[in-house]
>>> print(open('entry-v2.cif').read())   # mmCIF, C-alpha atoms
data_run
loop_
_atom_site.label_atom_id
_atom_site.label_comp_id
_atom_site.auth_asym_id
_atom_site.auth_seq_id
_atom_site.Cartn_x
_atom_site.Cartn_y
_atom_site.Cartn_z
CA MET A 76 -19.98 12.82 15.66
CA ASP A 77 -18.97 14.66 12.52
CA VAL A 78 -15.80 13.04 11.11
CA ILE A 79 -13.44 14.05 8.31
CA VAL A 80 -11.34 11.32 6.68
CA ILE A 81 -8.44 12.38 4.47
CA GLY A 82 -7.75 9.75 1.81
CA ALA A 83 -10.04 7.31 -0.02
CA GLY A 84 -7.64 4.38 -0.14
CA LEU A 85 -8.15 1.06 1.59
CA GLY A 86 -7.72 2.40 5.13
CA GLY A 87 -9.82 5.51 4.58
CA LEU A 88 -12.72 3.56 3.10
CA ALA A 89 -12.51 0.91 5.81
CA VAL A 90 -12.73 3.40 8.68
CA ALA A 91 -15.45 5.38 6.91
CA ARG A 92 -17.47 2.20 6.49
CA ARG A 93 -17.17 1.36 10.20
CA LEU A 94 -17.99 4.88 11.43
CA LEU A 95 -21.01 5.19 9.15
CA ALA A 96 -22.33 1.88 10.49
CA ASP A 97 -22.08 3.33 14.00
CA GLY A 98 -24.16 6.35 13.05
CA HIS A 99 -21.46 9.00 12.69
CA ARG A 100 -21.51 11.56 9.90
CA VAL A 101 -18.47 10.96 7.66
CA ARG A 102 -16.97 12.96 4.82
CA VAL A 103 -13.98 11.61 2.87
CA PHE A 104 -11.66 13.91 0.93
CA GLU A 105 -9.35 12.45 -1.73
CA GLN A 106 -6.68 14.31 -3.67
CA ALA A 107 -7.07 12.17 -6.83
CA SER A 108 -9.62 13.36 -9.36
CA GLU A 109 -11.42 10.00 -9.38
CA ARG A 110 -11.40 6.62 -7.69
CA ARG A 111 -7.98 5.01 -7.93
CA THR A 112 -7.99 1.86 -10.04
CA GLY A 113 -4.21 1.35 -10.29
CA GLY A 114 -1.86 -0.82 -8.32
CA ALA A 115 -1.39 -4.53 -8.76
CA GLY A 116 -2.33 -6.83 -5.91
CA LEU A 117 -1.69 -7.47 -2.24
CA GLY A 118 -1.61 -10.24 0.29
CA LEU A 119 -4.69 -10.19 2.50
CA PHE A 120 -3.83 -12.23 5.57
CA CYS A 121 -6.31 -13.63 8.05
CA ASN A 122 -6.13 -10.62 10.40
CA GLY A 123 -7.12 -8.23 7.59
CA HIS A 124 -9.72 -10.72 6.35
CA ALA A 125 -11.25 -10.87 9.84
CA VAL A 126 -11.64 -7.08 9.95
CA LEU A 127 -13.24 -6.98 6.50
CA HIS A 128 -15.67 -9.67 7.63
CA ASP A 129 -16.62 -7.49 10.59
CA LEU A 130 -17.14 -4.56 8.21
CA GLY A 131 -19.52 -6.61 6.07
CA VAL A 132 -17.19 -6.68 3.06
CA ARG A 133 -17.75 -9.67 0.79
CA LEU A 134 -14.66 -11.52 -0.42
CA ASP A 135 -16.38 -14.35 -2.27
CA GLY A 136 -14.86 -14.83 -5.71
CA LEU A 137 -12.09 -12.33 -5.00
CA GLY A 138 -8.51 -13.39 -5.75
CA GLN A 139 -7.04 -16.73 -4.77
CA ARG A 140 -6.74 -18.46 -1.40
CA LEU A 141 -3.18 -18.92 -0.12
CA ASP A 142 -2.47 -22.00 1.99
CA ARG A 143 1.32 -22.01 2.12
CA ILE A 144 4.41 -19.86 1.60
CA ASP A 145 7.57 -21.60 0.39
CA ALA A 146 10.78 -19.60 0.83
CA ARG A 147 13.37 -20.82 -1.69
CA THR A 148 16.92 -20.12 -2.73
CA ALA A 149 17.69 -18.79 -6.20
CA GLY A 150 18.71 -22.33 -7.09
CA GLY A 151 15.35 -23.76 -6.04
CA THR A 152 16.25 -25.25 -2.63
CA LEU A 153 13.59 -24.90 0.08
CA ARG A 154 14.70 -22.53 2.87
CA THR A 155 11.60 -22.55 5.07
CA ARG A 156 7.84 -23.02 4.86
CA VAL A 157 4.88 -21.12 6.33
CA ASN A 158 1.58 -22.95 6.87
CA LEU A 159 -1.11 -20.36 6.20
CA ALA A 160 -3.82 -23.02 6.23
CA HIS A 161 -3.06 -23.63 9.91
CA ALA A 162 -3.61 -19.93 10.64
CA ALA A 163 -6.90 -20.06 8.75
CA GLN A 164 -8.03 -23.07 10.78
CA THR A 165 -7.00 -21.36 14.03
CA TYR A 166 -8.66 -17.99 13.41
CA GLY A 167 -11.44 -18.86 10.98
CA PHE A 168 -10.32 -16.61 8.10
CA ASP A 169 -8.11 -17.56 5.17
CA SER A 170 -5.30 -15.62 3.51
CA ARG A 171 -5.52 -14.68 -0.14
CA ALA A 172 -3.96 -12.71 -2.96
CA VAL A 173 -6.36 -10.01 -4.15
CA SER A 174 -6.47 -7.14 -6.61
CA ARG A 175 -6.15 -3.76 -4.90
CA ALA A 176 -8.63 -2.17 -7.32
CA GLU A 177 -11.20 -4.94 -6.77
CA LEU A 178 -10.78 -4.66 -3.00
CA VAL A 179 -11.43 -0.89 -3.19
CA GLU A 180 -14.59 -1.71 -5.15
CA ARG A 181 -15.77 -4.17 -2.50
CA LEU A 182 -15.08 -1.66 0.29
CA SER A 183 -17.10 0.95 -1.64
CA GLU A 184 -20.18 -1.26 -2.03
CA GLY A 185 -23.15 0.15 -0.15
CA LEU A 186 -21.46 3.43 0.77
CA PRO A 187 -23.21 6.74 -0.03
CA ALA A 188 -22.53 7.87 -3.59
CA ASP A 189 -21.49 11.32 -2.38
CA LEU A 190 -19.25 10.08 0.46
CA VAL A 191 -15.97 10.92 -1.28
CA ALA A 192 -15.11 14.40 -2.54
CA PHE A 193 -12.43 13.96 -5.22
CA GLY A 194 -9.82 16.49 -6.26
CA LYS A 195 -9.32 17.62 -2.66
CA ALA A 196 -5.63 17.65 -1.70
CA CYS A 197 -5.32 18.32 2.02
CA THR A 198 -2.62 20.85 2.90
CA GLY A 199 -3.01 20.81 6.69
CA ALA A 200 -5.33 21.05 9.67
CA SER A 201 -5.99 23.49 12.48
CA GLN A 202 -8.06 22.97 15.58
CA THR A 203 -9.75 24.64 18.50
CA GLY A 204 -10.85 22.97 21.68
CA ARG A 205 -14.20 22.16 20.05
CA ASP A 206 -13.48 21.24 16.40
CA VAL A 207 -10.87 20.73 13.68
CA THR A 208 -10.64 22.29 10.22
CA ALA A 209 -8.95 20.69 7.19
CA THR A 210 -7.69 23.01 4.47
CA PHE A 211 -7.34 22.03 0.83
CA ALA A 212 -5.15 23.12 -2.07
CA ASP A 213 -8.14 24.59 -3.92
CA GLY A 214 -8.68 27.14 -1.13
CA THR A 215 -11.66 25.41 0.47
CA SER A 216 -11.91 23.96 3.97
CA ALA A 217 -14.06 21.61 6.04
CA THR A 218 -14.74 21.56 9.78
CA ALA A 219 -15.73 18.59 11.96
CA ASP A 220 -15.45 17.10 15.43
CA LEU A 221 -12.37 15.08 14.50
CA LEU A 222 -10.05 14.35 11.59
CA ILE A 223 -8.50 11.02 10.53
CA ALA A 224 -5.54 11.33 8.17
CA ALA A 225 -5.42 8.17 6.06
CA ASP A 226 -3.54 9.78 3.19
CA GLY A 227 -0.48 7.56 2.96
CA HIS A 228 3.21 8.05 3.57
CA HIS A 229 3.16 11.50 1.89
CA SER A 230 0.54 12.69 4.42
CA ALA A 231 0.46 16.48 4.78
CA VAL A 232 -1.20 16.11 8.19
CA ARG A 233 1.58 13.85 9.47
CA ARG A 234 4.22 16.30 8.23
CA GLN A 235 2.43 19.06 10.12
CA LEU A 236 2.36 16.96 13.29
CA TRP A 237 5.77 15.26 13.08
CA GLY A 238 7.78 17.57 10.84
CA ASP A 239 9.70 16.65 7.70
CA GLY A 240 12.01 13.66 7.55
CA ALA A 241 9.93 11.19 9.56
CA VAL A 242 9.78 8.78 6.62
CA ALA A 243 13.05 7.48 5.14
CA PRO A 244 14.02 5.18 2.25
CA ALA A 245 14.37 1.52 3.23
CA THR A 246 17.04 -0.22 1.11
CA PHE A 247 14.91 -1.97 -1.52
CA GLY A 248 12.51 -1.09 -4.32
CA THR A 249 9.97 -3.31 -6.03
CA TRP A 250 9.16 -3.90 -9.68
CA GLN A 251 5.79 -5.61 -9.81
CA GLY A 252 3.04 -6.78 -12.13
CA ARG A 253 -0.07 -8.91 -12.34
CA SER A 254 -0.28 -10.99 -15.48
CA PRO A 255 -1.86 -14.10 -17.00
CA MET A 256 0.74 -16.86 -16.77
CA ASP A 257 0.77 -20.60 -17.24
CA ILE A 258 3.36 -21.63 -14.66
CA ASP A 259 3.39 -24.28 -11.98
CA ILE A 260 1.73 -22.18 -9.24
CA THR A 261 -0.95 -20.39 -11.31
CA ASP A 262 -3.81 -22.68 -10.30
CA THR A 263 -2.52 -23.60 -6.84
CA HIS A 264 -2.76 -22.07 -3.37
CA LEU A 265 1.03 -21.76 -3.02
CA HIS A 266 3.01 -18.54 -2.61
CA TYR A 267 6.75 -18.51 -3.44
CA MET A 268 9.31 -16.14 -1.89
CA ILE A 269 12.67 -16.63 -3.63
CA THR A 270 15.89 -14.92 -2.52
CA GLY A 271 19.42 -14.66 -3.84
CA LYS A 272 22.33 -12.25 -4.01
CA GLU A 273 20.63 -10.29 -6.81
CA GLY A 274 17.51 -9.57 -4.73
CA ALA A 275 14.19 -11.34 -4.30
CA CYS A 276 11.24 -12.59 -6.33
CA GLY A 277 7.71 -13.09 -4.98
CA LEU A 278 4.96 -15.05 -6.74
CA MET A 279 1.31 -15.44 -5.72
CA PRO A 280 -1.53 -17.02 -7.71
CA ALA A 281 -4.15 -14.26 -8.03
CA GLY A 282 -7.10 -16.23 -9.46
CA GLY A 283 -8.47 -16.36 -12.99
CA GLY A 284 -5.17 -17.55 -14.44
CA LEU A 285 -3.32 -14.50 -13.11
CA VAL A 286 -0.09 -14.37 -11.11
CA GLN A 287 0.93 -11.48 -8.88
CA TRP A 288 4.71 -11.21 -9.25
CA TRP A 289 7.41 -8.86 -8.03
CA PHE A 290 11.17 -8.42 -7.93
CA ASP A 291 12.96 -6.57 -5.13
CA VAL A 292 16.27 -4.86 -5.95
CA ARG A 293 18.49 -2.62 -3.87
CA TRP A 294 17.40 0.99 -4.32
CA GLN A 295 17.96 4.57 -3.18
CA PRO A 296 15.82 7.55 -4.26
CA GLY A 297 18.66 9.02 -6.35
CA ASP A 298 19.21 5.83 -8.36
CA PRO A 299 18.47 6.24 -12.09
CA ARG A 300 15.65 4.11 -13.49
CA PRO A 301 16.75 1.62 -16.14
CA GLU A 302 15.63 2.58 -19.65
CA LYS A 303 14.33 -0.94 -20.21
CA PRO A 304 13.45 -2.29 -16.76
CA LEU A 305 12.14 -5.66 -17.92
CA GLU A 306 15.37 -6.33 -19.79
CA ASP A 307 17.28 -5.35 -16.66
CA LEU A 308 15.23 -7.79 -14.55
CA ARG A 309 15.82 -10.57 -17.06
CA ARG A 310 19.54 -9.87 -16.94
CA ARG A 311 19.58 -9.91 -13.10
CA PHE A 312 17.26 -12.83 -12.40
CA GLY A 313 16.97 -14.84 -15.63
CA HIS A 314 19.46 -17.50 -14.47
CA TRP A 315 17.45 -18.34 -11.33
CA ALA A 316 15.68 -21.69 -11.04
CA SER A 317 12.21 -22.28 -12.47
CA PRO A 318 9.68 -20.69 -12.43
CA VAL A 319 11.55 -17.35 -12.38
CA PRO A 320 12.70 -17.48 -16.04
CA GLU A 321 9.18 -18.40 -17.11
CA VAL A 322 7.75 -15.44 -15.20
CA LEU A 323 10.21 -13.05 -16.80
CA ALA A 324 9.48 -14.47 -20.25
CA ALA A 325 5.73 -13.99 -19.79
CA ALA A 326 5.95 -10.52 -18.19
CA THR A 327 5.30 -7.45 -20.34
CA ASP A 328 6.34 -3.82 -19.95
CA ASP A 329 2.74 -2.57 -19.89
CA THR A 330 2.08 -4.43 -16.60
CA LEU A 331 5.30 -3.28 -14.92
CA ASP A 332 5.17 -0.81 -12.05
CA PHE A 333 7.79 0.40 -9.54
CA PHE A 334 7.72 1.67 -5.97
CA GLY A 335 10.53 2.35 -3.53
CA HIS A 336 10.33 1.01 0.01
CA HIS A 337 10.02 3.53 2.85
CA TRP A 338 9.82 3.28 6.63
CA ASN A 339 9.11 5.40 9.65
CA LYS A 340 9.57 4.59 13.31
CA VAL A 341 6.12 4.10 14.81
CA ARG A 342 5.48 6.57 17.61
CA PRO A 343 3.51 5.85 20.79
CA VAL A 344 1.33 8.93 20.09
CA TRP A 345 0.28 9.45 16.46
CA GLY A 346 -1.94 12.52 16.62
CA GLU A 347 -2.81 15.55 18.64
CA GLY A 348 -6.09 16.82 20.03
CA ARG A 349 -8.86 16.03 17.56
CA VAL A 350 -6.50 14.68 14.88
CA THR A 351 -5.09 11.20 14.42
CA LEU A 352 -3.35 9.15 11.73
CA LEU A 353 -4.29 5.83 10.16
CA GLY A 354 -2.48 3.36 7.91
CA ASP A 355 0.69 4.37 6.09
CA ALA A 356 0.37 7.92 7.42
CA ALA A 357 1.18 6.49 10.86
CA HIS A 358 3.29 3.44 10.02
CA THR A 359 4.87 3.43 6.59
CA MET A 360 6.74 0.15 6.18
CA PRO A 361 8.35 -2.01 3.50
CA PRO A 362 6.03 -4.66 2.01
CA THR A 363 8.25 -7.54 3.12
CA LEU A 364 5.70 -8.95 5.60
CA GLY A 365 2.68 -8.24 3.39
CA GLN A 366 1.02 -6.46 6.33
CA GLY A 367 0.64 -2.89 5.02
CA ALA A 368 -3.03 -3.04 4.04
CA ASN A 369 -3.78 -5.48 6.86
CA GLN A 370 -2.43 -3.06 9.45
CA SER A 371 -4.57 -0.28 7.97
CA PHE A 372 -7.62 -2.49 8.43
CA GLU A 373 -6.53 -3.20 12.01
CA ASP A 374 -6.37 0.57 12.59
CA ALA A 375 -9.88 1.02 11.25
CA TRP A 376 -11.22 -1.78 13.47
CA VAL A 377 -9.66 -0.41 16.68
CA LEU A 378 -10.56 3.21 15.90
CA GLY A 379 -14.13 2.19 15.19
CA LYS A 380 -14.36 0.48 18.58
CA ALA A 381 -12.85 3.51 20.33
CA LEU A 382 -15.33 5.91 18.75
CA ALA A 383 -18.39 3.64 18.78
CA ALA A 384 -20.36 5.46 21.48
CA ALA A 385 -18.25 8.60 21.86
CA GLU A 386 -19.56 12.13 22.15
CA PRO A 387 -17.74 15.06 20.48
CA ALA A 388 -16.22 16.22 23.78
CA GLU A 389 -14.60 12.79 24.23
CA ALA A 390 -12.91 12.72 20.81
CA PRO A 391 -9.33 13.60 21.89
CA GLU A 392 -9.34 11.04 24.68
CA ARG A 393 -10.76 8.31 22.45
CA LEU A 394 -8.22 9.01 19.71
CA ARG A 395 -5.35 8.60 22.16
CA GLU A 396 -6.89 5.32 23.38
CA TYR A 397 -6.91 4.09 19.78
CA GLU A 398 -3.26 5.04 19.28
CA GLN A 399 -2.23 3.41 22.54
CA ALA A 400 -4.02 0.17 21.61
CA ARG A 401 -2.51 0.01 18.13
CA TYR A 402 1.04 1.09 18.98
CA PRO A 403 2.55 -2.22 20.21
CA HIS A 404 1.15 -4.24 17.32
CA ALA A 405 1.95 -1.76 14.54
CA ALA A 406 5.41 -1.06 15.98
CA LEU A 407 6.27 -4.78 16.05
CA VAL A 408 5.20 -5.28 12.44
CA SER A 409 7.09 -2.17 11.38
CA ARG A 410 10.32 -3.21 13.09
CA MET A 411 10.19 -6.67 11.56
CA ALA A 412 9.34 -5.34 8.09
CA LYS A 413 12.33 -2.99 8.24
CA ARG A 414 14.62 -5.98 8.69
CA ASN A 415 13.49 -7.15 5.23
CA PRO A 416 12.74 -10.75 6.27
CA ALA A 417 11.49 -11.62 2.78
CA ASN A 418 14.87 -10.61 1.39
CA GLN A 419 17.01 -12.43 3.96
CA ARG A 420 18.94 -15.42 2.71
CA ILE A 421 18.40 -17.74 5.67
CA PRO A 422 20.52 -20.89 5.25
CA ALA A 423 18.25 -23.77 4.27
CA PHE A 424 19.47 -26.03 7.10
CA LEU A 425 18.42 -23.35 9.63
CA GLY A 426 15.23 -22.28 7.90
CA ARG A 427 13.85 -25.80 7.82
CA ARG A 428 14.09 -25.90 11.63
CA ILE A 429 11.54 -23.08 11.93
CA PRO A 430 8.12 -24.64 12.68
CA GLU A 431 5.70 -24.23 9.77
CA THR A 432 3.01 -23.05 12.17
CA SER A 433 5.07 -20.32 13.86
CA TYR A 434 3.38 -17.65 11.74
CA THR A 435 0.05 -18.49 13.36
CA ARG A 436 1.34 -17.31 16.74
CA LEU A 437 3.08 -14.32 15.18
CA LEU A 438 -0.15 -13.12 13.56
CA ARG A 439 -1.74 -12.81 16.99
CA LYS A 440 1.10 -10.50 18.04
CA PHE A 441 0.56 -8.44 14.88
CA SER A 442 -3.18 -8.10 15.43
CA ASN A 443 -5.63 -6.39 17.76
CA ARG A 444 -8.50 -8.16 16.03
CA LEU A 445 -7.14 -11.71 16.42
CA ALA A 446 -5.88 -11.08 19.96
#
>>> encode(input="entry-v2.cif", output="structure tokens")
Amino acid sequence: MDVIVIGAGLGGLAVARRLLADGHRVRVFEQASERRTGGAGLGLFCNGHAVLHDLGVRLDGLGQRLDRIDARTAGGTLRTRVNLAHAAQTYGFDSRAVSRAELVERLSEGLPADLVAFGKACTGASQTGRDVTATFADGTSATADLLIAADGHHSAVRRQLWGDGAVAPATFGTWQGRSPMDIDITDTHLHYMITGKEGACGLMPAGGGLVQWWFDVRWQPGDPRPEKPLEDLRRRFGHWASPVPEVLAAATDDTLDFFGHHWNKVRPVWGEGRVTLLGDAAHTMPPTLGQGANQSFEDAWVLGKALAAAEPAEAPERLREYEQARYPHAALVSRMAKRNPANQRIPAFLGRRIPETSYTRLLRKFSNRLA
């Protein structure tokens, strides 16, 4: 089949890679003028790792393996613990903290040099019973057998299908960075999630002496940005237990980035006819479970299976099969992420009763690939 993919982010490249391997013709259109190299890092959990393995994406030497998550109070008391090593032993794929830019590079390895057309902002799509046409802001268009919108939570295709207002702000915003730091977790395989009344702090060793760090604060789109955000973070969180003060002392303004959390209710049917959605376009969610990129990879894996041997006439039916298969898993992750579990201050005496291996079972519920 002839396939158009809108968006050259992680999900768009992953599904393009799978469809090309199955012999489809794929064209990717990206609104940015060149490959995106920004963004800090992300948590790649074993379900996303499993999909990347199936896609032939090498992860050797990328980031840092994560074996455990310790959830702590602002004063340093352990709330609860997640045993990621147990999940790795169960499913055969580890979790790790990786650079988004480096992961895009790995996904791009071996793909045709002319696969992505840059500077192509999609403004919408129209379809007949036989094909679908994407239109772009520069006045051009492209026609194919089907269209996959993987263009994030601002997706023009989703707005056309679902209308405005499907995506809403979700309580918190994140200040994040990725910096060289000499603190107690830098050379370990331990991920901290620290919560208090001021918000939350997350820390992951990212390999090569780097730490991926972030601070979640309450946020609404109309809130003014602080003139000196790093000073504001030091004022809010500087009294927390070690290693938070050390992180704030080592952080620099040039590594600091902000994004507000958003969420949409996942729908049982994502697309229409020869059009479907993938990744954040279908299920925008807060990053509190670290599953955003992983769920995009799950989408690519299921969609690839649905389209593996399909003929053009079967495209609408196969797209609905993909959406039906992904809906229960993506909807569960989305609902849980909206509750902001990473920002919940679970009493330590209750949190320590949660089995360390419970996340292993939960991952199977999150994942088509592991299930």
>>> closest_residue(input="entry-v2.cif", among="A:Gly379, A:Pro403, A:Gly248, A:Gly138", to="His99 in chain A", atoms="all atoms listed in the file")
A:Gly379
>>> closest_atom_pairs(input="entry-v2.cif", of="range 275-369 of chain A", to="range 144-153 of chain A", cutoff="8 Å", atoms="only C-alpha atoms", output="Markdown table")
| residue | atom | partner | partner_atom | distance |
| --- | --- | --- | --- | --- |
| A:Trp315 | CA | A:Ala149 | CA | 5.2 |
| A:Ala316 | CA | A:Gly150 | CA | 5.0 |
| A:Ser317 | CA | A:Gly151 | CA | 7.3 |
>>> write_last_selection(input="entry-v2.cif", atoms="C-alpha atoms", output="short mmCIF file (atom, residue, chain, number, x, y, z; two decimals), in the frame of the given file")
data_model
loop_
_atom_site.label_atom_id
_atom_site.label_comp_id
_atom_site.auth_asym_id
_atom_site.auth_seq_id
_atom_site.Cartn_x
_atom_site.Cartn_y
_atom_site.Cartn_z
CA TRP A 315 17.45 -18.34 -11.33
CA ALA A 316 15.68 -21.69 -11.04
CA SER A 317 12.21 -22.28 -12.47
#
>>> atom_distance(input="entry-v2.cif", atom1="CA of Gly113 in chain A", atom2="CA of Val101 in chain A")
24.9 Å
>>> residues_around(input="entry-v2.cif", residues="range 221-225 of chain A", least_positions_apart="6", cutoff="7 Å", atoms="all atoms listed in the file", output="list in words")
Asp77, Val78, Ile79, Val80, Ile81, Gly82, Gly86, Gly87, Asp206, Val207, Val232, Arg349, Val350, Thr351, Leu352, Leu353, Gly354, Ala356 and Ala390 of chain A
>>> closest_residue(input="entry-v2.cif", among="A:Thr432, A:Ser108, A:Ser409, A:Thr359", to="Ala160 in chain A", atoms="only C-alpha atoms")
A:Thr432
>>> resolve_selection(input="entry-v2.cif", expression="the PyMOL selection byres ((chain A and resi 126) around 12)", output="ChimeraX atom specification")
/A:86,89-90,92-93,119-125,127-134,166-168,182,368-380,442-445
>>> atom_distance(input="entry-v2.cif", atom1="CA of Leu178 in chain A", atom2="CA of Val103 in chain A")
17.6 Å
>>> closest_residue(input="entry-v2.cif", among="A:Trp237, A:Phe104, A:Trp294, A:Phe312", to="Ser216 in chain A", atoms="all atoms listed in the file")
A:Phe104
>>> atom_distance(input="entry-v2.cif", atom1="CA of Thr263 in chain A", atom2="CA of Leu364 in chain A")
20.9 Å
>>> closest_residue(input="entry-v2.cif", among="A:Ser254, A:Thr327, A:Ser433, A:Thr112", to="Ala176 in chain A", atoms="all atoms listed in the file")
A:Thr112
>>> residues_around(input="entry-v2.cif", residues="range 297-300 of chain A", least_positions_apart="6", cutoff="12 Å", atoms="all atoms listed in the file", output="MDAnalysis selection string")
chainID A and resid 244 246:250 307:308 332:335
>>> residues_near_point(input="entry-v2.cif", point="(-11.5, 8.2, -11.1)", cutoff="12 Å", atoms="only C-alpha atoms", output="VMD selection string")
chain A and resid 83 105 to 113 176 180 191 to 194
>>> closest_residue(input="entry-v2.cif", among="A:Arg253, A:His358, A:His264, A:Arg311", to="Trp289 in chain A", atoms="only C-alpha atoms")
A:Arg253
